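Structure file coords.tsv; described as TSV, C-alpha atoms.
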chain	number	residue	atom	x	y	z
A	1	MET	CA	136.06	89.81	87.96
A	2	THR	CA	138.93	92.23	87.25
A	3	ARG	CA	136.88	94.07	84.63
A	4	GLU	CA	133.69	94.29	86.62
A	5	PHE	CA	132.89	97.51	88.43
A	6	ILE	CA	130.72	99.02	91.12
A	7	ARG	CA	129.47	102.34	89.81
A	8	ALA	CA	128.78	105.14	92.25
A	9	THR	CA	127.03	108.37	91.32
A	10	TYR	CA	127.84	111.49	93.35
A	11	ARG	CA	126.86	115.13	93.42
A	12	ILE	CA	130.05	117.10	94.07
A	13	GLU	CA	130.99	120.70	94.82
A	14	THR	CA	134.56	121.99	94.54
A	15	ALA	CA	136.65	125.12	93.98
A	16	PHE	CA	139.12	123.06	91.96
A	17	PRO	CA	138.74	122.20	88.28
A	18	LEU	CA	136.07	119.50	88.14
A	19	GLU	CA	138.30	116.99	86.36
A	20	GLU	CA	141.05	117.47	88.94
A	21	ALA	CA	138.72	116.97	91.90
A	22	ALA	CA	137.08	113.92	90.32
A	23	ALA	CA	140.47	112.34	89.68
A	24	ALA	CA	141.49	112.99	93.29
A	25	LEU	CA	138.41	111.14	94.53
A	26	ALA	CA	138.92	108.19	92.20
A	27	GLY	CA	142.57	107.88	93.12
A	28	GLU	CA	142.13	108.28	96.89
A	29	GLN	CA	139.45	105.59	96.98
A	30	SER	CA	141.39	103.06	94.93
A	31	SER	CA	145.10	102.63	94.16
A	32	GLY	CA	146.29	106.21	94.52
A	33	THR	CA	147.14	108.71	97.25
A	34	PHE	CA	148.36	112.31	97.27
A	35	VAL	CA	151.71	111.28	95.71
A	36	ARG	CA	152.79	108.44	93.42
A	37	VAL	CA	154.26	105.73	95.65
A	38	HIS	CA	156.79	102.98	95.06
A	39	GLY	CA	155.07	99.90	93.67
A	40	GLU	CA	152.25	101.85	92.01
A	41	SER	CA	153.09	100.57	88.57
A	42	ASP	CA	151.21	101.36	85.41
A	43	GLU	CA	150.03	97.75	85.34
A	44	LEU	CA	148.67	98.03	88.89
A	45	ARG	CA	146.95	101.32	88.14
A	46	ASP	CA	145.35	99.90	85.02
A	47	LYS	CA	143.87	97.06	87.04
A	48	HIS	CA	142.94	98.82	90.28
A	49	LEU	CA	142.59	102.57	89.75
A	50	ALA	CA	138.98	103.75	89.86
A	51	ARG	CA	137.77	105.42	86.68
A	52	VAL	CA	135.86	108.63	86.18
A	53	GLU	CA	133.16	107.56	83.72
A	54	ARG	CA	131.01	110.66	83.57
A	55	LEU	CA	131.28	114.22	84.82
A	56	THR	CA	128.29	116.49	84.17
A	57	PRO	CA	128.67	120.15	85.22
A	58	LEU	CA	125.70	121.65	87.07
A	59	ASP	CA	125.57	125.08	88.73
A	60	GLU	CA	128.01	127.25	90.68
A	61	SER	CA	128.09	129.04	94.03
A	62	PRO	CA	130.23	131.89	95.38
A	63	THR	CA	130.32	130.24	98.81
A	64	PRO	CA	131.15	126.69	99.95
A	65	SER	CA	128.41	124.45	101.30
A	66	LEU	CA	130.70	122.76	103.83
A	67	PRO	CA	133.55	124.11	105.99
A	68	GLY	CA	137.19	123.12	105.70
A	69	ALA	CA	137.44	122.87	101.93
A	70	ALA	CA	140.65	123.97	100.22
A	71	VAL	CA	140.98	126.34	97.27
A	72	PRO	CA	143.60	126.22	94.52
A	73	LYS	CA	146.82	128.09	95.22
A	74	GLY	CA	146.74	131.71	94.11
A	75	VAL	CA	142.93	131.85	93.87
A	76	THR	CA	141.51	134.67	95.99
A	77	LYS	CA	137.89	134.60	94.81
A	78	PRO	CA	137.02	130.92	94.37
A	79	VAL	CA	133.97	129.71	92.52
A	80	TYR	CA	132.46	126.50	93.83
A	81	ARG	CA	131.40	124.35	90.90
A	82	ARG	CA	128.88	121.55	91.21
A	83	ALA	CA	128.62	118.47	89.06
A	84	GLU	CA	127.25	114.95	88.90
A	85	LEU	CA	130.05	112.41	88.89
A	86	VAL	CA	130.02	108.70	88.09
A	87	VAL	CA	133.02	106.69	89.30
A	88	ALA	CA	133.61	103.02	88.43
A	89	PHE	CA	135.41	101.15	91.21
A	90	PRO	CA	137.03	97.87	90.11
A	91	LEU	CA	135.44	94.85	91.73
A	92	ALA	CA	138.95	93.43	91.92
A	93	ASN	CA	139.68	95.90	94.73
A	94	MET	CA	137.08	94.67	97.25
A	95	GLY	CA	135.18	91.75	95.80
A	96	THR	CA	131.64	91.43	97.12
A	97	ASN	CA	132.58	92.32	100.70
A	98	LEU	CA	129.83	94.81	101.62
A	99	PRO	CA	131.63	96.56	104.51
A	100	THR	CA	134.63	97.15	102.25
A	101	VAL	CA	132.34	98.33	99.47
A	102	LEU	CA	130.97	100.96	101.85
A	103	ALA	CA	134.48	101.92	102.95
A	104	THR	CA	135.20	102.50	99.27
A	105	VAL	CA	132.13	104.45	98.16
A	106	THR	CA	131.33	106.25	101.44
A	107	GLY	CA	134.67	106.31	103.25
A	108	ASN	CA	137.48	108.87	103.39
A	109	LEU	CA	136.29	110.59	100.22
A	110	PHE	CA	133.97	112.65	102.45
A	111	GLU	CA	137.05	114.13	104.12
A	112	LEU	CA	138.92	115.17	100.99
A	113	ARG	CA	139.80	118.87	101.16
A	114	GLU	CA	139.10	119.28	97.46
A	115	PHE	CA	135.37	119.08	98.14
A	116	SER	CA	133.00	121.55	99.73
A	117	GLY	CA	130.11	119.23	98.97
A	118	LEU	CA	129.83	115.50	98.29
A	119	LYS	CA	126.77	113.26	98.32
A	120	LEU	CA	126.35	109.66	97.13
A	121	LEU	CA	123.24	109.52	94.96
A	122	ASP	CA	123.12	105.96	93.65
A	123	LEU	CA	124.98	102.66	93.41
A	124	ASP	CA	125.01	100.15	90.58
A	125	PHE	CA	126.10	96.65	91.60
A	126	PRO	CA	127.30	94.04	89.08
A	127	GLU	CA	125.90	90.52	88.88
A	128	ALA	CA	128.62	89.21	91.20
A	129	PHE	CA	126.63	90.60	94.14
A	130	ARG	CA	124.02	87.92	93.68
A	131	VAL	CA	126.14	85.97	96.18
A	132	HIS	CA	124.28	87.92	98.88
A	133	PRO	CA	121.00	86.19	99.76
A	134	GLY	CA	118.96	89.39	100.07
A	135	PRO	CA	115.54	89.50	101.75
A	136	GLN	CA	114.37	86.10	102.93
A	137	PHE	CA	110.66	87.01	102.86
A	138	GLY	CA	110.27	90.37	101.14
A	139	ILE	CA	106.82	91.46	100.00
A	140	GLU	CA	105.37	88.09	99.04
A	141	GLY	CA	106.59	86.25	102.12
A	142	THR	CA	105.45	89.02	104.44
A	143	ARG	CA	101.99	89.05	102.88
A	144	LYS	CA	101.73	85.30	103.33
A	145	LEU	CA	102.73	85.39	107.00
A	146	ALA	CA	100.43	88.32	107.72
A	147	GLY	CA	97.52	86.85	105.77
A	148	VAL	CA	97.12	89.96	103.62
A	149	ALA	CA	96.93	89.06	99.93
A	150	SER	CA	96.42	92.57	98.58
A	151	GLY	CA	96.33	96.20	99.64
A	152	PRO	CA	98.65	97.78	102.17
A	153	LEU	CA	99.37	96.07	105.46
A	154	VAL	CA	97.69	98.39	107.94
A	155	GLY	CA	99.67	98.75	111.12
A	156	THR	CA	100.83	100.89	113.98
A	157	ILE	CA	103.63	101.52	116.43
A	158	VAL	CA	103.23	100.84	120.13
A	159	LYS	CA	102.54	104.23	121.73
A	160	PRO	CA	103.56	105.61	124.16
A	161	SER	CA	106.95	104.70	122.71
A	162	VAL	CA	108.33	103.81	126.14
A	163	GLY	CA	106.77	103.43	129.57
A	164	LEU	CA	104.22	100.66	129.01
A	165	SER	CA	104.74	97.44	130.94
A	166	PRO	CA	104.68	94.09	129.11
A	167	GLY	CA	101.11	93.57	130.32
A	168	GLN	CA	99.98	97.00	129.16
A	169	THR	CA	101.60	96.46	125.79
A	170	ALA	CA	99.79	93.14	125.46
A	171	GLU	CA	96.44	94.77	126.29
A	172	LEU	CA	97.01	97.36	123.59
A	173	VAL	CA	97.91	94.69	121.03
A	174	LYS	CA	94.79	92.75	122.02
A	175	THR	CA	92.64	95.81	121.33
A	176	LEU	CA	94.30	96.34	117.97
A	177	ALA	CA	94.01	92.68	117.01
A	178	GLU	CA	90.30	92.76	117.71
A	179	ALA	CA	90.06	95.82	115.47
A	180	GLY	CA	91.54	93.82	112.60
A	181	ILE	CA	95.03	95.30	112.45
A	182	ASP	CA	97.64	93.52	110.32
A	183	PHE	CA	100.90	94.67	111.86
A	184	VAL	CA	102.19	96.13	115.13
A	185	LYS	CA	105.78	97.08	115.88
A	186	ASP	CA	107.78	98.17	118.88
A	187	ASP	CA	109.04	101.71	118.80
A	188	GLU	CA	112.76	101.94	118.05
A	189	LEU	CA	113.25	103.41	121.54
A	190	GLN	CA	111.92	100.26	123.20
A	191	ALA	CA	114.04	97.14	122.89
A	192	ASN	CA	115.03	95.36	126.09
A	193	GLY	CA	114.55	98.17	128.56
A	194	PRO	CA	114.35	97.67	132.34
A	195	HIS	CA	110.65	98.61	132.54
A	196	SER	CA	109.70	96.23	129.71
A	197	PRO	CA	112.17	93.35	129.36
A	198	LEU	CA	111.95	91.83	125.89
A	199	GLU	CA	111.32	88.26	127.02
A	200	GLU	CA	108.46	89.30	129.30
A	201	ARG	CA	106.99	91.51	126.57
A	202	VAL	CA	107.20	88.77	123.96
A	203	LYS	CA	105.48	86.28	126.26
A	204	ALA	CA	102.67	88.69	127.18
A	205	VAL	CA	102.06	89.95	123.65
A	206	MET	CA	102.23	86.59	121.92
A	207	ARG	CA	99.83	85.13	124.47
A	208	VAL	CA	97.10	87.48	123.24
A	209	VAL	CA	98.17	87.26	119.58
A	210	ASN	CA	98.08	83.47	119.61
A	211	ALA	CA	94.74	83.42	121.43
A	212	HIS	CA	93.26	85.80	118.87
A	213	ALA	CA	94.64	83.65	116.02
A	214	ASP	CA	93.15	80.49	117.55
A	215	ARG	CA	89.80	82.22	117.80
A	216	THR	CA	89.68	84.01	114.44
A	217	GLY	CA	92.31	82.45	112.20
A	218	LYS	CA	94.11	85.80	111.76
A	219	LYS	CA	97.55	86.14	113.33
A	220	VAL	CA	98.74	89.70	113.76
A	221	MET	CA	102.36	90.21	112.76
A	222	VAL	CA	104.27	91.87	115.61
A	223	ALA	CA	107.79	93.16	115.02
A	224	PHE	CA	109.69	92.95	118.30
A	225	ASN	CA	112.68	95.26	118.55
A	226	ILE	CA	115.65	92.98	119.17
A	227	SER	CA	118.36	95.62	118.52
A	228	ASP	CA	121.38	94.67	120.63
A	229	ASP	CA	124.81	93.11	120.24
A	230	ILE	CA	124.94	90.15	117.86
A	231	ASP	CA	124.79	87.36	120.45
A	232	SER	CA	121.91	89.04	122.26
A	233	MET	CA	120.01	89.58	119.01
A	234	LYS	CA	120.29	85.88	118.25
A	235	ARG	CA	118.97	85.08	121.71
A	236	HIS	CA	116.12	87.60	121.36
A	237	HIS	CA	115.25	86.17	117.94
A	238	ASP	CA	114.98	82.70	119.44
A	239	THR	CA	112.65	84.03	122.14
A	240	VAL	CA	110.34	85.54	119.53
A	241	LEU	CA	110.43	82.37	117.43
A	242	ALA	CA	109.77	80.10	120.43
A	243	HIS	CA	106.61	81.99	121.32
A	244	GLY	CA	105.19	81.95	117.82
A	245	GLY	CA	106.25	85.43	116.76
A	246	ALA	CA	106.35	86.30	113.07
A	247	CYS	CA	108.81	89.22	112.84
A	248	VAL	CA	111.86	90.82	114.42
A	249	MET	CA	113.00	94.41	114.13
A	250	ALA	CA	116.41	96.07	114.33
A	251	SER	CA	117.77	99.60	114.03
A	252	LEU	CA	119.92	99.45	110.90
A	253	ASN	CA	122.29	102.33	111.53
A	254	HIS	CA	123.04	101.33	115.11
A	255	VAL	CA	123.26	97.57	114.78
A	256	GLY	CA	125.41	98.09	111.71
A	257	LEU	CA	125.87	96.38	108.38
A	258	ALA	CA	127.80	93.38	109.69
A	259	GLY	CA	125.26	92.93	112.50
A	260	MET	CA	122.35	92.91	110.06
A	261	MET	CA	124.13	90.49	107.74
A	262	LYS	CA	124.68	88.10	110.64
A	263	LEU	CA	121.06	88.46	111.73
A	264	ARG	CA	119.90	87.66	108.19
A	265	GLN	CA	122.13	84.59	108.16
A	266	TYR	CA	120.62	83.42	111.45
A	267	SER	CA	117.01	84.53	111.31
A	268	GLN	CA	114.02	82.35	110.53
A	269	LEU	CA	111.74	85.38	110.61
A	270	PRO	CA	111.27	88.52	108.50
A	271	ILE	CA	113.58	91.38	109.49
A	272	HIS	CA	111.92	94.76	109.90
A	273	GLY	CA	114.61	97.36	109.19
A	274	HIS	CA	114.22	100.69	110.96
A	275	ARG	CA	116.35	103.49	109.54
A	276	ASN	CA	116.30	105.82	112.58
A	277	GLY	CA	119.29	108.11	112.36
A	278	TRP	CA	119.07	108.26	108.58
A	279	GLY	CA	118.48	112.01	108.73
A	280	MET	CA	122.07	112.61	109.84
A	281	LEU	CA	123.22	110.76	106.72
A	282	THR	CA	121.07	112.60	104.19
A	283	ARG	CA	119.47	115.79	105.47
A	284	SER	CA	122.18	118.05	104.10
A	285	PRO	CA	121.91	118.46	100.31
A	286	ALA	CA	125.70	118.79	100.23
A	287	LEU	CA	126.71	115.77	102.29
A	288	GLY	CA	125.81	112.14	102.90
A	289	ILE	CA	123.85	109.52	101.00
A	290	GLU	CA	120.53	109.46	99.18
A	291	PHE	CA	118.01	106.77	100.05
A	292	THR	CA	118.23	105.37	96.51
A	293	ALA	CA	121.78	104.21	97.25
A	294	TYR	CA	121.17	103.46	100.94
A	295	GLN	CA	118.31	101.01	100.40
A	296	LYS	CA	120.29	98.90	97.92
A	297	VAL	CA	122.93	98.11	100.53
A	298	TRP	CA	120.36	96.98	103.10
A	299	ARG	CA	118.53	94.88	100.52
A	300	LEU	CA	121.76	93.05	99.76
A	301	ALA	CA	122.27	92.63	103.51
A	302	GLY	CA	118.90	90.85	103.69
A	303	VAL	CA	116.41	93.25	105.26
A	304	ASP	CA	112.76	92.41	104.44
A	305	HIS	CA	111.08	95.71	105.33
A	306	LEU	CA	112.54	99.23	105.05
A	307	HIS	CA	111.16	102.46	106.47
A	308	VAL	CA	110.63	105.22	103.89
A	309	ASN	CA	108.81	107.95	105.85
A	310	GLY	CA	105.40	109.11	104.59
A	311	LEU	CA	103.68	111.97	102.79
A	312	ARG	CA	103.24	115.18	104.79
A	313	ASN	CA	105.23	113.54	107.55
A	314	LYS	CA	106.17	115.02	110.92
A	315	PHE	CA	109.85	115.19	109.93
A	316	TRP	CA	111.80	117.31	107.44
A	317	GLU	CA	111.55	115.12	104.35
A	318	PRO	CA	109.61	116.49	101.35
A	319	ASP	CA	106.97	114.40	99.64
A	320	GLU	CA	108.93	113.98	96.41
A	321	SER	CA	111.77	112.36	98.34
A	322	VAL	CA	109.35	109.96	100.05
A	323	VAL	CA	107.81	108.97	96.72
A	324	ARG	CA	111.30	108.37	95.26
A	325	SER	CA	112.13	106.18	98.24
A	326	ILE	CA	109.00	104.06	97.86
A	327	ARG	CA	109.64	103.62	94.15
A	328	ALA	CA	113.28	102.74	94.80
A	329	CYS	CA	112.29	99.92	97.14
A	330	LEU	CA	109.74	98.59	94.65
A	331	THR	CA	112.24	98.61	91.78
A	332	PRO	CA	113.92	95.21	91.32
A	333	MET	CA	117.69	95.09	91.65
A	334	LEU	CA	119.81	92.34	90.15
A	335	GLY	CA	116.56	90.83	88.94
A	336	GLY	CA	114.92	90.63	92.36
A	337	TYR	CA	115.77	91.39	95.99
A	338	PRO	CA	112.19	92.47	96.81
A	339	VAL	CA	111.84	94.61	99.93
A	340	MET	CA	108.62	95.94	101.45
A	341	PRO	CA	108.53	99.72	101.98
A	342	VAL	CA	107.21	100.87	105.37
A	343	VAL	CA	105.27	104.12	105.11
A	344	ALA	CA	105.21	105.82	108.49
A	345	SER	CA	105.69	109.11	110.40
A	346	GLY	CA	102.74	111.35	111.10
A	347	GLN	CA	100.37	109.29	108.95
A	348	THR	CA	96.61	109.64	109.36
A	349	VAL	CA	93.54	108.97	107.24
A	350	ARG	CA	94.47	112.01	105.14
A	351	GLN	CA	97.46	110.63	103.21
A	352	PRO	CA	96.21	107.36	101.61
A	353	PRO	CA	94.63	108.97	98.51
A	354	ASP	CA	97.78	110.90	97.58
A	355	THR	CA	100.08	108.01	98.51
A	356	PHE	CA	98.16	105.72	96.17
A	357	LYS	CA	98.00	108.34	93.40
A	358	LEU	CA	101.72	109.16	93.50
A	359	THR	CA	103.09	105.62	93.84
A	360	GLY	CA	100.50	103.59	91.96
A	361	SER	CA	101.04	100.79	94.46
A	362	THR	CA	99.78	99.29	97.70
A	363	ASP	CA	102.73	96.93	98.15
A	364	PHE	CA	103.81	98.46	101.42
A	365	MET	CA	103.03	98.75	105.10
A	366	TYR	CA	101.09	101.82	106.19
A	367	LEU	CA	101.79	102.56	109.84
A	368	ALA	CA	99.92	105.19	111.81
A	369	GLY	CA	100.99	105.84	115.39
A	370	GLY	CA	99.24	108.91	116.76
A	371	GLY	CA	97.07	108.90	113.63
A	372	MET	CA	95.51	105.68	114.88
A	373	MET	CA	96.08	105.63	118.62
A	374	ALA	CA	94.67	109.13	119.23
A	375	HIS	CA	91.41	108.52	117.37
A	376	PRO	CA	88.45	109.92	119.36
A	377	GLY	CA	86.91	106.46	119.44
A	378	GLY	CA	90.11	104.77	120.59
A	379	PRO	CA	92.75	102.68	118.81
A	380	ALA	CA	90.28	100.14	117.42
A	381	ALA	CA	88.24	102.86	115.76
A	382	GLY	CA	91.48	104.42	114.54
A	383	CYS	CA	92.47	101.17	112.89
A	384	ARG	CA	89.13	100.86	111.14
A	385	ALA	CA	89.34	104.47	109.97
A	386	ILE	CA	92.77	103.94	108.37
A	387	ARG	CA	91.51	100.86	106.56
A	388	GLN	CA	88.44	102.76	105.35
A	389	ALA	CA	90.67	105.56	104.04
A	390	TRP	CA	92.61	103.04	101.98
A	391	GLU	CA	89.40	101.49	100.69
A	392	ALA	CA	88.34	104.94	99.51
A	393	ALA	CA	91.73	105.60	97.88
A	394	ALA	CA	91.69	102.30	95.99
A	395	ALA	CA	88.11	102.90	94.84
A	396	GLY	CA	88.82	106.44	93.72
A	397	VAL	CA	86.18	107.84	96.07
A	398	SER	CA	86.79	111.03	98.05
A	399	LEU	CA	87.33	110.63	101.78
A	400	ASP	CA	84.41	112.89	102.61
A	401	GLU	CA	82.07	110.88	100.40
A	402	TYR	CA	83.28	107.55	101.76
A	403	ALA	CA	82.92	108.80	105.35
A	404	LYS	CA	79.21	109.57	105.06
A	405	ASP	CA	78.16	106.15	106.33
A	406	ARG	CA	81.40	105.25	108.12
A	407	PRO	CA	81.56	106.95	111.52
A	408	GLU	CA	85.16	105.94	112.27
A	409	LEU	CA	86.45	107.65	109.12
A	410	ARG	CA	84.21	110.67	109.68
A	411	GLN	CA	85.53	111.10	113.22
A	412	ALA	CA	89.09	110.75	112.04
A	413	LEU	CA	88.65	113.41	109.35
A	414	GLU	CA	87.34	115.76	112.04
A	415	ALA	CA	90.18	114.87	114.41
A	416	TYR	CA	92.91	115.21	111.77
A	417	PRO	CA	91.98	118.24	109.64
A	418	ALA	CA	93.66	118.75	106.28
Here is a file; write its structure as structure tokens.
Amino acid sequence: MTREFIRATYRIETAFPLEEAAAALAGEQSSGTFVRVHGESDELRDKHLARVERLTPLDESPTPSLPGAAVPKGVTKPVYRRAELVVAFPLANMGTNLPTVLATVTGNLFELREFSGLKLLDLDFPEAFRVHPGPQFGIEGTRKLAGVASGPLVGTIVKPSVGLSPGQTAELVKTLAEAGIDFVKDDELQANGPHSPLEERVKAVMRVVNAHADRTGKKVMVAFNISDDIDSMKRHHDTVLAHGGACVMASLNHVGLAGMMKLRQYSQLPIHGHRNGWGMLTRSPALGIEFTAYQKVWRLAGVDHLHVNGLRNKFWEPDESVVRSIRACLTPMLGGYPVMPVVASGQTVRQPPDTFKLTGSTDFMYLAGGGMMAHPGGPAAGCRAIRQAWEAAAAGVSLDEYAKDRPELRQALEAYPA
């Protein structure tokens, strides 16, 4: 174990010589500090000091990207150099303890005065991390539970996000089930709120889901938002399980890594991981963490589904970033750990052709909120239109051509212009 490493790739910006700044990061996040201390022997450093493995210079800037960065003494006109940096952190320092891994690769290094920019781009975990169970269901298990053998799982988010009573939510799910939807999830804003207590909502929704399954043989997968403290999440999970539910959802960044690991240990259901708040971790090009690194941690923690945004979304994220995120989730790590990407945010019938073309896959959920619920013909027609758009994409037929004898798709194309 002492010669195994976790490798972290960063994009850095600094006014200091690149080698000096890189060494400061490696030392601060392993056995060193700003001065050599008693007990920091050469033998200890050899075993525990992080190593700079690669340092690739990029471009330069006359101004810093972030405030508070230091400049070398005597320098009056600093140049801020950027580089890609790979640091190998000895596994002997933290073992396979995921919270401590994060404290190492995303901890105090972000506060080092040597840097005016620092972003974690990727993580490479050694085989020792196979001790983490990873997703319990992943893509294959989710498809089996949802009864969808191929193609994207077509779904939606309960809208309005908040305000519906348990009974109103159940009526909406009933309408969507009758339209043939595969997946419905709570909005991240609605968990166990006073106007829609989780237990009441689960009972009302699963009553219609189970009745529809008894009648048709298709059981809609509903992800109930159980985000809460750990004991409450366990109790909420048991409520969903007791009423025949097939999925639970939690807000990753707010429940936390340890909370999600405990939920994975306890859960008998797929865990739908919502990344709300991720923008504060990645939106700045000079600070934070890229999704490529982020998703690996949550896969190890055991999340089955991960949100990745969508093409031409309603948020800030460019399409190339979304495509990278989808591909990252679909790329095996440590020989497996399959996680299902969740394509969402401002999705309508317009994005399926490009999503299919750019990813070459349909192994994901495709969730349309307003793009389904605001259809002129109602949510059921919206659901059919989304499915028709994916049929067209998979067949390589233009949306306009496919819509000629499909009124739901034709109405949607009129309602959601390009």
Quiz prompt | One-decimal distance in Å that lies between CA of Leu241 in chain A and CA of Met261 in chain A | solution =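 For CA of Met261 in chain A relative to CA of Leu241 in chain A, the distance reads 18.6 Å.
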Quiz item: Can you list, as a VMD selection string, every protein, DNA or RNA residue that comes within 9 Å of Gln388 in chain A when you count all atoms listed in the file, leaving out same-chain residues fewer than 5 positions away?
Solution: chain A and resid 349 383 393 399 402 to 403 406 408 to 409
Exercise. Find the spatial neighbours of Ala70 in chain A, counting only C-alpha atoms, within a cut-off of 12 Å - ignore same-chain residues fewer than 6 positions away - and output them as number ranges by chain.
Key: A: 13-16, 21, 64, 76, 78-80, 111-117
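In this structure, CA of Ala223 in chain A sits 9.1 Å away from CA of Ala250 in chain A.
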Exercise. Could you give me, as an NGL selection string, the residues that sit within 10 Å of (116.1, 87.3, 124.3) in the file's coordinates, counting only C-alpha atoms?
Key: :A and (192 or 197-200 or 202 or 226 or 228 or 231-240)
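Among the candidates A:Ile157, A:Val308, A:Val322, A:Leu257, the residue lying nearest to Ala368 in chain A is A:Ile157 (atoms considered: only C-alpha atoms).
Of the listed residues (A:Gly27, A:Lys47, A:His375, A:Phe125), A:Phe125 comes nearest to Phe5 in chain A; the distances count all atoms listed in the file.
Restricting the calculation to only C-alpha atoms, the smallest distance between Glu178 in chain A and any of A:Thr216, A:Ser150, A:Gln190, A:Thr348 is found for A:Thr216.
Distances from A:Ala8, A:Met365, A:Val173, A:Met221 to Val208 in chain A were compared using all atoms listed in the file, and the smallest one belongs to A:Val173.
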Report, as lines of an AutoDock Vina configuration file, the centre and edge lengths in Å (one decimal) of the axis-aligned box enclosing every listed atom of range 105-121 of chain A, padded by 8 Å on each side.
center_x = 131.5
center_y = 113.0
center_z = 99.5
size_x = 32.6
size_y = 33.1
size_z = 25.2
Exercise. Quote the spacing between CA of Leu367 in chain A and CA of Gln347 in chain A in Å to one decimal place.
Key: 6.9 Å
Identify, on the basis of only C-alpha atoms, every residue whose closest approach to Ile6 in chain A does not exceed 8 Å; exclude the query and any residue fewer than 2 positions from it along the same chain; express the result as a short mmCIF file (atom, residue, chain, number, x, y, z; two decimals) with C-alpha atoms, in the frame of the given file.
data_model
loop_
_atom_site.label_atom_id
_atom_site.label_comp_id
_atom_site.auth_asym_id
_atom_site.auth_seq_id
_atom_site.Cartn_x
_atom_site.Cartn_y
_atom_site.Cartn_z
CA GLU A 4 133.69 94.29 86.62
CA ALA A 8 128.78 105.14 92.25
CA ALA A 88 133.61 103.02 88.43
CA PHE A 89 135.41 101.15 91.21
CA PRO A 90 137.03 97.87 90.11
CA LEU A 91 135.44 94.85 91.73
CA LEU A 123 124.98 102.66 93.41
CA ASP A 124 125.01 100.15 90.58
CA PHE A 125 126.10 96.65 91.60
CA PRO A 126 127.30 94.04 89.08
#
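The residue that comes closest to Gly95 in chain A, out of A:Phe129, A:Ala246, A:Gly107, A:Ala83 and on the basis of all atoms listed in the file, is A:Phe129.
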Counting only C-alpha atoms, select every polymer residue within 12 Å of (101.3, 112.8, 113.5) as defined in the file's coordinates, and provide the selection as a JSON list (two decimals) with C-alpha atoms, in the frame of the given file.
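Now in point.json:
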[["chain", "number", "residue", "atom", "x", "y", "z"],
["A", 156, "THR", "CA", 100.83, 100.89, 113.98],
["A", 157, "ILE", "CA", 103.63, 101.52, 116.43],
["A", 159, "LYS", "CA", 102.54, 104.23, 121.73],
["A", 309, "ASN", "CA", 108.81, 107.95, 105.85],
["A", 310, "GLY", "CA", 105.40, 109.11, 104.59],
["A", 311, "LEU", "CA", 103.68, 111.97, 102.79],
["A", 312, "ARG", "CA", 103.24, 115.18, 104.79],
["A", 313, "ASN", "CA", 105.23, 113.54, 107.55],
["A", 314, "LYS", "CA", 106.17, 115.02, 110.92],
["A", 315, "PHE", "CA", 109.85, 115.19, 109.93],
["A", 344, "ALA", "CA", 105.21, 105.82, 108.49],
["A", 345, "SER", "CA", 105.69, 109.11, 110.40],
["A", 346, "GLY", "CA", 102.74, 111.35, 111.10],
["A", 347, "GLN", "CA", 100.37, 109.29, 108.95],
["A", 348, "THR", "CA", 96.61, 109.64, 109.36],
["A", 349, "VAL", "CA", 93.54, 108.97, 107.24],
["A", 350, "ARG", "CA", 94.47, 112.01, 105.14],
["A", 351, "GLN", "CA", 97.46, 110.63, 103.21],
["A", 367, "LEU", "CA", 101.79, 102.56, 109.84],
["A", 368, "ALA", "CA", 99.92, 105.19, 111.81],
["A", 369, "GLY", "CA", 100.99, 105.84, 115.39],
["A", 370, "GLY", "CA", 99.24, 108.91, 116.76],
["A", 371, "GLY", "CA", 97.07, 108.90, 113.63],
["A", 372, "MET", "CA", 95.51, 105.68, 114.88],
["A", 373, "MET", "CA", 96.08, 105.63, 118.62],
["A", 374, "ALA", "CA", 94.67, 109.13, 119.23],
["A", 375, "HIS", "CA", 91.41, 108.52, 117.37],
["A", 415, "ALA", "CA", 90.18, 114.87, 114.41],
["A", 416, "TYR", "CA", 92.91, 115.21, 111.77],
["A", 417, "PRO", "CA", 91.98, 118.24, 109.64]]
Practice problem: For range 362-364 of chain A, work out the shell of residues within 12 Å, counting only C-alpha atoms and skipping chain neighbours fewer than 4 positions away, then give it as a ChimeraX atom specification. | Solution: /A:138-140,142-143,148-155,182-183,304-310,325-327,329-331,338-344,352-358,390-391,393-394
Quiz item: Can you list, as a ChimeraX atom specification, every protein, DNA or RNA residue that comes within 9 Å of Pro57 in chain A when you count only C-alpha atoms, leaving out same-chain residues fewer than 5 positions away?
Solution: /A:18,81-85
Restrict the selected residues to C-alpha atoms and save them as an mmCIF file, in the frame of the given file.
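Printed below is out-v9.cif as written:
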data_model
loop_
_atom_site.group_PDB
_atom_site.id
_atom_site.type_symbol
_atom_site.label_atom_id
_atom_site.label_comp_id
_atom_site.auth_asym_id
_atom_site.auth_seq_id
_atom_site.Cartn_x
_atom_site.Cartn_y
_atom_site.Cartn_z
ATOM 1 C CA LEU A 18 136.070 119.500 88.140
ATOM 2 C CA ARG A 81 131.400 124.350 90.900
ATOM 3 C CA ARG A 82 128.880 121.550 91.210
ATOM 4 C CA ALA A 83 128.620 118.470 89.060
ATOM 5 C CA GLU A 84 127.250 114.950 88.900
ATOM 6 C CA LEU A 85 130.050 112.410 88.890
#
Quiz item: Out of A:Gly134, A:Gly244, A:Gly163, A:Pro376, which residue has the shortest atom-to-atom distance to Pro332 in chain A when counting all atoms listed in the file?
Solution: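 Result for the nearest residue to Pro332 in chain A: A:Gly134.
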